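Below is one structure, written out as structure tokens; comments come after it.
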Amino acid sequence: MTEDFHRIRRLPPYVFAEVNAAKAKARAAAEDIVDLGMGNPDSPTPPHIVAKLIEAVQDPRTHRYSVSKGIPGLRRALAGYYDRRFGVKLDPETEVVATLGSKEGLANLAQAISSPGDTILVPNPSYPIHQFGFIIAGASVRSIPYTPDDSMLAAIDRAVRHSVPKPTAVIVNFPSNPTALVASIEFYRELVALCRRHELFILSDLAYAELYYGDVPPPSVLEVPGAKDITVEFTSMSKTYNMPGWRMGFAAGNPRLIAALARVKSYLDYGAFTPIQVAATAALNGPQDCIAEMRALYKDRREVLVKGLRAVGWDVPAPEASMFLWAPIPERFRHLGSVGFSKLLLEKAKVAVAPGLGFGEHGDEHVRIALVENNHRIRQALRGIKSFLAGDNAAPAEAQQELTNA
């Protein structure tokens, strides 16, 4: 009875654990580490949302079991958001489910719609739950390009034509975590047409819809006529309203898929604590100034970090959206891979980043840098990185191997 369980055997070692262990060791030695690794918003939840939570929790009736699919007022509020933001009409009863964050929703939908032998098309690199939610459910995953362009569409078409049985669904995530790429409505039109033709479900992760830096807000795939026939889209309040620990998200779209998700959830949970749902309703229905303030904060941090990295010789693209930089590893360190480079950066610069390998093998030449520290700490990180890049850090072969294997 010493073998791993079947589903556990399907999960590879957690890539981020190596860097997290090195980070914990450094902190235990009283080293000051600037942590830009985890996408964990550092700003407080807006006061009016917290006040509504406090008000609701004073009512003992809210302490009872809640509703697995979300209280009616919250589902109506999400439908109102989609109408205002995207011009998309949703039926709160049949086309909206509240989830315990978008991550839980996607994982439970995977349980609902897939089984051993099914194939799901997933961009590589992408957020880990996009593939591992389905792997845990017993399905197989086939990688496709992560760019919202003709290469992704062509790969989807090839996969449908040359897979037996044909794939069940394709996952898209724009603005993307980790790459920060944004899809156009024109791309979504082509995607919907292709997937309707091949009878392929679209599962869209739109967690970063409100975190953009240009003049054009990222679209929803549900804006495309006919998309709702084949699409469920996941959104989250974590980044939009600085509510990561509250675990509040949504699935919206195709009634059949929503019903499947709601049925699975009804066996697994009673929904989020009712006061959290009440506060989330107040967030969606209340003043939205906090979103513009959040966007301005991240944009300012983006400017400081991108400008600073370029000034010290690390050429990184400025993201159009999301709270991440998807940074190519400098050429002279690329042979280390993303895990080895992340460990070296932690050791020499005292800066923690996320290795790109954690998002898929095609991410191994990048690291993800999160905008989750204030500008003072970002400048501290830049000083450490400047010193690191200026030094003789091209480790000898033995040390390189040790960094990679540690």
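Residue names in the structure tokens use chain letters A, B, ... in the order shown, residue numbers from 1 in each chain, and ligand numbers from 1 in the order shown.
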Set the distance at 8 Å and use only C-alpha atoms: which residues neighbour Trp326 of chain A once local chain neighbours fewer than 2 positions away are removed? I'd like the list as a ChimeraX atom specification. /A:178-180,316-317,319,324,328,366-369
Resulting file, chosen residues, C-alpha atoms, as a short mmCIF file (atom, residue, chain, number, x, y, z; two decimals), in the first residue's frame:
```cif
data_model
loop_
_atom_site.label_atom_id
_atom_site.label_comp_id
_atom_site.auth_asym_id
_atom_site.auth_seq_id
_atom_site.Cartn_x
_atom_site.Cartn_y
_atom_site.Cartn_z
CA PRO A 178 0.96 34.08 -17.63
CA THR A 179 1.61 35.68 -21.05
CA ALA A 180 -0.56 38.83 -20.64
CA VAL A 316 11.04 42.77 -21.37
CA PRO A 317 7.79 43.50 -23.23
CA PRO A 319 2.06 43.82 -20.94
CA PHE A 324 2.11 40.09 -14.92
CA PRO A 328 12.18 36.19 -21.57
CA HIS A 366 10.43 32.78 -19.51
CA VAL A 367 9.67 33.80 -15.95
CA ARG A 368 6.48 35.46 -14.77
CA ILE A 369 6.90 38.62 -12.70
#
```
Can you tell me, as a PyMOL selection string, what residues are no more than 7 Å from Arg377 of chain A when counting only C-alpha atoms, ignoring any on the same chain fewer than 4 positions away? chain A and resi 34+373+381
Export, as a PDB file, in the first residue's frame, the selected residues with N, CA and C atoms.
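Below is the file that was written, out-v3.pdb:
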```
ATOM      1  N   VAL A  34      12.123  40.261  -2.018  1.00  0.00           N
ATOM      2  CA  VAL A  34      11.015  40.941  -2.694  1.00  0.00           C
ATOM      3  C   VAL A  34      10.284  39.883  -3.512  1.00  0.00           C
ATOM      4  N   GLU A 373       3.934  44.248  -5.523  1.00  0.00           N
ATOM      5  CA  GLU A 373       4.623  45.022  -4.494  1.00  0.00           C
ATOM      6  C   GLU A 373       4.552  46.495  -4.867  1.00  0.00           C
ATOM      7  N   ALA A 381      13.820  45.747  -5.741  1.00  0.00           N
ATOM      8  CA  ALA A 381      14.049  44.571  -6.585  1.00  0.00           C
ATOM      9  C   ALA A 381      14.933  44.922  -7.775  1.00  0.00           C
TER      10      ALA A 381
END
```
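Our summary of the geometry notes that atom CA of Val216 of chain A is positioned 27.2 Å from atom CA of Phe359 of chain A.
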Residue with smallest distance to Leu297 of chain A - pool A:Leu346, A:Val15, A:Val372, A:Ala154, counting only C-alpha atoms: A:Val372
Can you tell me which residues surround Ser115 of chain A at a distance of at most 9 Å, considering only C-alpha atoms, apart from same-chain residues fewer than 2 positions away, and format the answer as a PDB file with all heavy atoms, in the first residue's frame?
```
ATOM      1  N   ALA A 110     -14.769  20.592 -15.210  1.00  0.00           N
ATOM      2  CA  ALA A 110     -13.994  19.483 -15.776  1.00  0.00           C
ATOM      3  C   ALA A 110     -14.549  18.149 -15.296  1.00  0.00           C
ATOM      4  O   ALA A 110     -14.697  17.192 -16.075  1.00  0.00           O
ATOM      5  CB  ALA A 110     -12.524  19.633 -15.401  1.00  0.00           C
ATOM      6  N   GLN A 111     -14.868  18.057 -13.997  1.00  0.00           N
ATOM      7  CA  GLN A 111     -15.462  16.830 -13.466  1.00  0.00           C
ATOM      8  C   GLN A 111     -16.813  16.540 -14.118  1.00  0.00           C
ATOM      9  O   GLN A 111     -17.171  15.379 -14.335  1.00  0.00           O
ATOM     10  CB  GLN A 111     -15.649  16.962 -11.944  1.00  0.00           C
ATOM     11  CG  GLN A 111     -14.375  17.138 -11.153  1.00  0.00           C
ATOM     12  CD  GLN A 111     -13.567  15.852 -11.020  1.00  0.00           C
ATOM     13  OE1 GLN A 111     -14.070  14.760 -11.252  1.00  0.00           O
ATOM     14  NE2 GLN A 111     -12.304  15.985 -10.669  1.00  0.00           N
ATOM     15  N   ALA A 112     -17.551  17.610 -14.425  1.00  0.00           N
ATOM     16  CA  ALA A 112     -18.909  17.437 -14.935  1.00  0.00           C
ATOM     17  C   ALA A 112     -18.956  16.992 -16.388  1.00  0.00           C
ATOM     18  O   ALA A 112     -19.840  16.217 -16.779  1.00  0.00           O
ATOM     19  CB  ALA A 112     -19.685  18.749 -14.773  1.00  0.00           C
ATOM     20  N   ILE A 113     -18.002  17.459 -17.213  1.00  0.00           N
ATOM     21  CA  ILE A 113     -18.165  17.249 -18.659  1.00  0.00           C
ATOM     22  C   ILE A 113     -17.130  16.330 -19.280  1.00  0.00           C
ATOM     23  O   ILE A 113     -17.222  16.038 -20.475  1.00  0.00           O
ATOM     24  CB  ILE A 113     -18.144  18.596 -19.414  1.00  0.00           C
ATOM     25  CG1 ILE A 113     -16.741  19.225 -19.393  1.00  0.00           C
ATOM     26  CG2 ILE A 113     -19.191  19.552 -18.856  1.00  0.00           C
ATOM     27  CD1 ILE A 113     -16.609  20.439 -20.309  1.00  0.00           C
ATOM     28  N   GLY A 117     -10.525   9.171 -21.594  1.00  0.00           N
ATOM     29  CA  GLY A 117     -10.653   9.019 -23.044  1.00  0.00           C
ATOM     30  C   GLY A 117     -10.963  10.316 -23.756  1.00  0.00           C
ATOM     31  O   GLY A 117     -10.716  10.444 -24.950  1.00  0.00           O
ATOM     32  N   ASP A 118     -11.510  11.302 -23.025  1.00  0.00           N
ATOM     33  CA  ASP A 118     -11.781  12.605 -23.622  1.00  0.00           C
ATOM     34  C   ASP A 118     -10.481  13.393 -23.783  1.00  0.00           C
ATOM     35  O   ASP A 118      -9.529  13.202 -23.037  1.00  0.00           O
ATOM     36  CB  ASP A 118     -12.746  13.414 -22.749  1.00  0.00           C
ATOM     37  CG  ASP A 118     -14.165  12.863 -22.782  1.00  0.00           C
ATOM     38  OD1 ASP A 118     -14.456  12.049 -23.675  1.00  0.00           O
ATOM     39  OD2 ASP A 118     -14.955  13.250 -21.905  1.00  0.00           O
ATOM     40  N   THR A 119     -10.480  14.297 -24.758  1.00  0.00           N
ATOM     41  CA  THR A 119      -9.325  15.161 -24.991  1.00  0.00           C
ATOM     42  C   THR A 119      -9.762  16.610 -24.913  1.00  0.00           C
ATOM     43  O   THR A 119     -10.783  17.000 -25.496  1.00  0.00           O
ATOM     44  CB  THR A 119      -8.697  14.890 -26.369  1.00  0.00           C
ATOM     45  OG1 THR A 119      -8.244  13.540 -26.419  1.00  0.00           O
ATOM     46  CG2 THR A 119      -7.509  15.819 -26.618  1.00  0.00           C
ATOM     47  N   PHE A 134      -8.530  19.106 -15.801  1.00  0.00           N
ATOM     48  CA  PHE A 134      -9.008  18.005 -16.646  1.00  0.00           C
ATOM     49  C   PHE A 134      -8.196  16.731 -16.442  1.00  0.00           C
ATOM     50  O   PHE A 134      -8.736  15.623 -16.528  1.00  0.00           O
ATOM     51  CB  PHE A 134      -9.011  18.444 -18.104  1.00  0.00           C
ATOM     52  CG  PHE A 134     -10.122  19.400 -18.415  1.00  0.00           C
ATOM     53  CD1 PHE A 134      -9.916  20.763 -18.368  1.00  0.00           C
ATOM     54  CD2 PHE A 134     -11.393  18.933 -18.700  1.00  0.00           C
ATOM     55  CE1 PHE A 134     -10.942  21.654 -18.620  1.00  0.00           C
ATOM     56  CE2 PHE A 134     -12.438  19.808 -18.946  1.00  0.00           C
ATOM     57  CZ  PHE A 134     -12.218  21.173 -18.907  1.00  0.00           C
ATOM     58  N   ALA A 137      -9.565  15.082 -13.570  1.00  0.00           N
ATOM     59  CA  ALA A 137     -10.852  14.478 -13.920  1.00  0.00           C
ATOM     60  C   ALA A 137     -10.701  13.217 -14.765  1.00  0.00           C
ATOM     61  O   ALA A 137     -11.690  12.526 -15.011  1.00  0.00           O
ATOM     62  CB  ALA A 137     -11.714  15.503 -14.660  1.00  0.00           C
ATOM     63  N   GLY A 138      -9.468  12.916 -15.213  1.00  0.00           N
ATOM     64  CA  GLY A 138      -9.232  11.697 -15.972  1.00  0.00           C
ATOM     65  C   GLY A 138      -9.119  11.879 -17.464  1.00  0.00           C
ATOM     66  O   GLY A 138      -8.878  10.917 -18.195  1.00  0.00           O
ATOM     67  N   ALA A 139      -9.288  13.119 -17.943  1.00  0.00           N
ATOM     68  CA  ALA A 139      -9.208  13.371 -19.377  1.00  0.00           C
ATOM     69  C   ALA A 139      -7.757  13.525 -19.816  1.00  0.00           C
ATOM     70  O   ALA A 139      -6.844  13.603 -18.992  1.00  0.00           O
ATOM     71  CB  ALA A 139     -10.009  14.625 -19.733  1.00  0.00           C
ATOM     72  N   SER A 140      -7.551  13.579 -21.121  1.00  0.00           N
ATOM     73  CA  SER A 140      -6.232  13.842 -21.688  1.00  0.00           C
ATOM     74  C   SER A 140      -6.196  15.276 -22.186  1.00  0.00           C
ATOM     75  O   SER A 140      -7.237  15.853 -22.540  1.00  0.00           O
ATOM     76  CB  SER A 140      -5.941  12.887 -22.844  1.00  0.00           C
ATOM     77  OG  SER A 140      -5.926  11.544 -22.396  1.00  0.00           O
TER      78      SER A 140
END
```
Please determine, counting only C-alpha atoms, which residue among A:Leu206, A:Leu194, A:Ala352, A:Ile136 has the shortest atom-to-atom distance to Met152 of chain A.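 Of all the options, A:Leu194 lies closest to Met152 of chain A.
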Please list as a VMD selection string every residue within 12 Å of Ile71 of chain A, counting only C-alpha atoms and excluding residues in the same chain fewer than 5 positions away. chain A and resid 62 65 to 66 76 to 78 92 to 93 96 to 99 270 to 281
Show which residues sit within 8 Å of Met38 of chain A, as a PyMOL selection string. Count only C-alpha atoms, and ignore same-chain residues fewer than 6 positions away. chain A and resi 353-354+370+372
Pairwise distance for atom CA of Lys69 of chain A and atom CA of Ala282 of chain A, rounded to one decimal in Å: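 We find that atom CA of Lys69 of chain A and atom CA of Ala282 of chain A lie 17.7 Å from each other.
Secondary structure of segment 170-243 of chain A, alpha helix (DSSP H) only (DSSP, backbone atoms): Ile185, Glu186, Phe187, Tyr188, Arg189, Glu190, Leu191, Val192, Ala193, Leu194, Cys195, Arg196, Arg197 and His198 of chain A.
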Write out as a PyMOL selection string the residues lying within 8 Å of segment 229-240 of chain A, counting only C-alpha atoms and excluding same-chain residues fewer than 6 positions away. chain A and resi 41+101-102+105-106+195-196+199-211+221-222+246-254+257-258+280+291+294
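Nearest residue to Leu325 of chain A, choosing from A:Arg383, A:Arg302, A:Lys343, A:Lys307 and counting only C-alpha atoms: A:Arg302.
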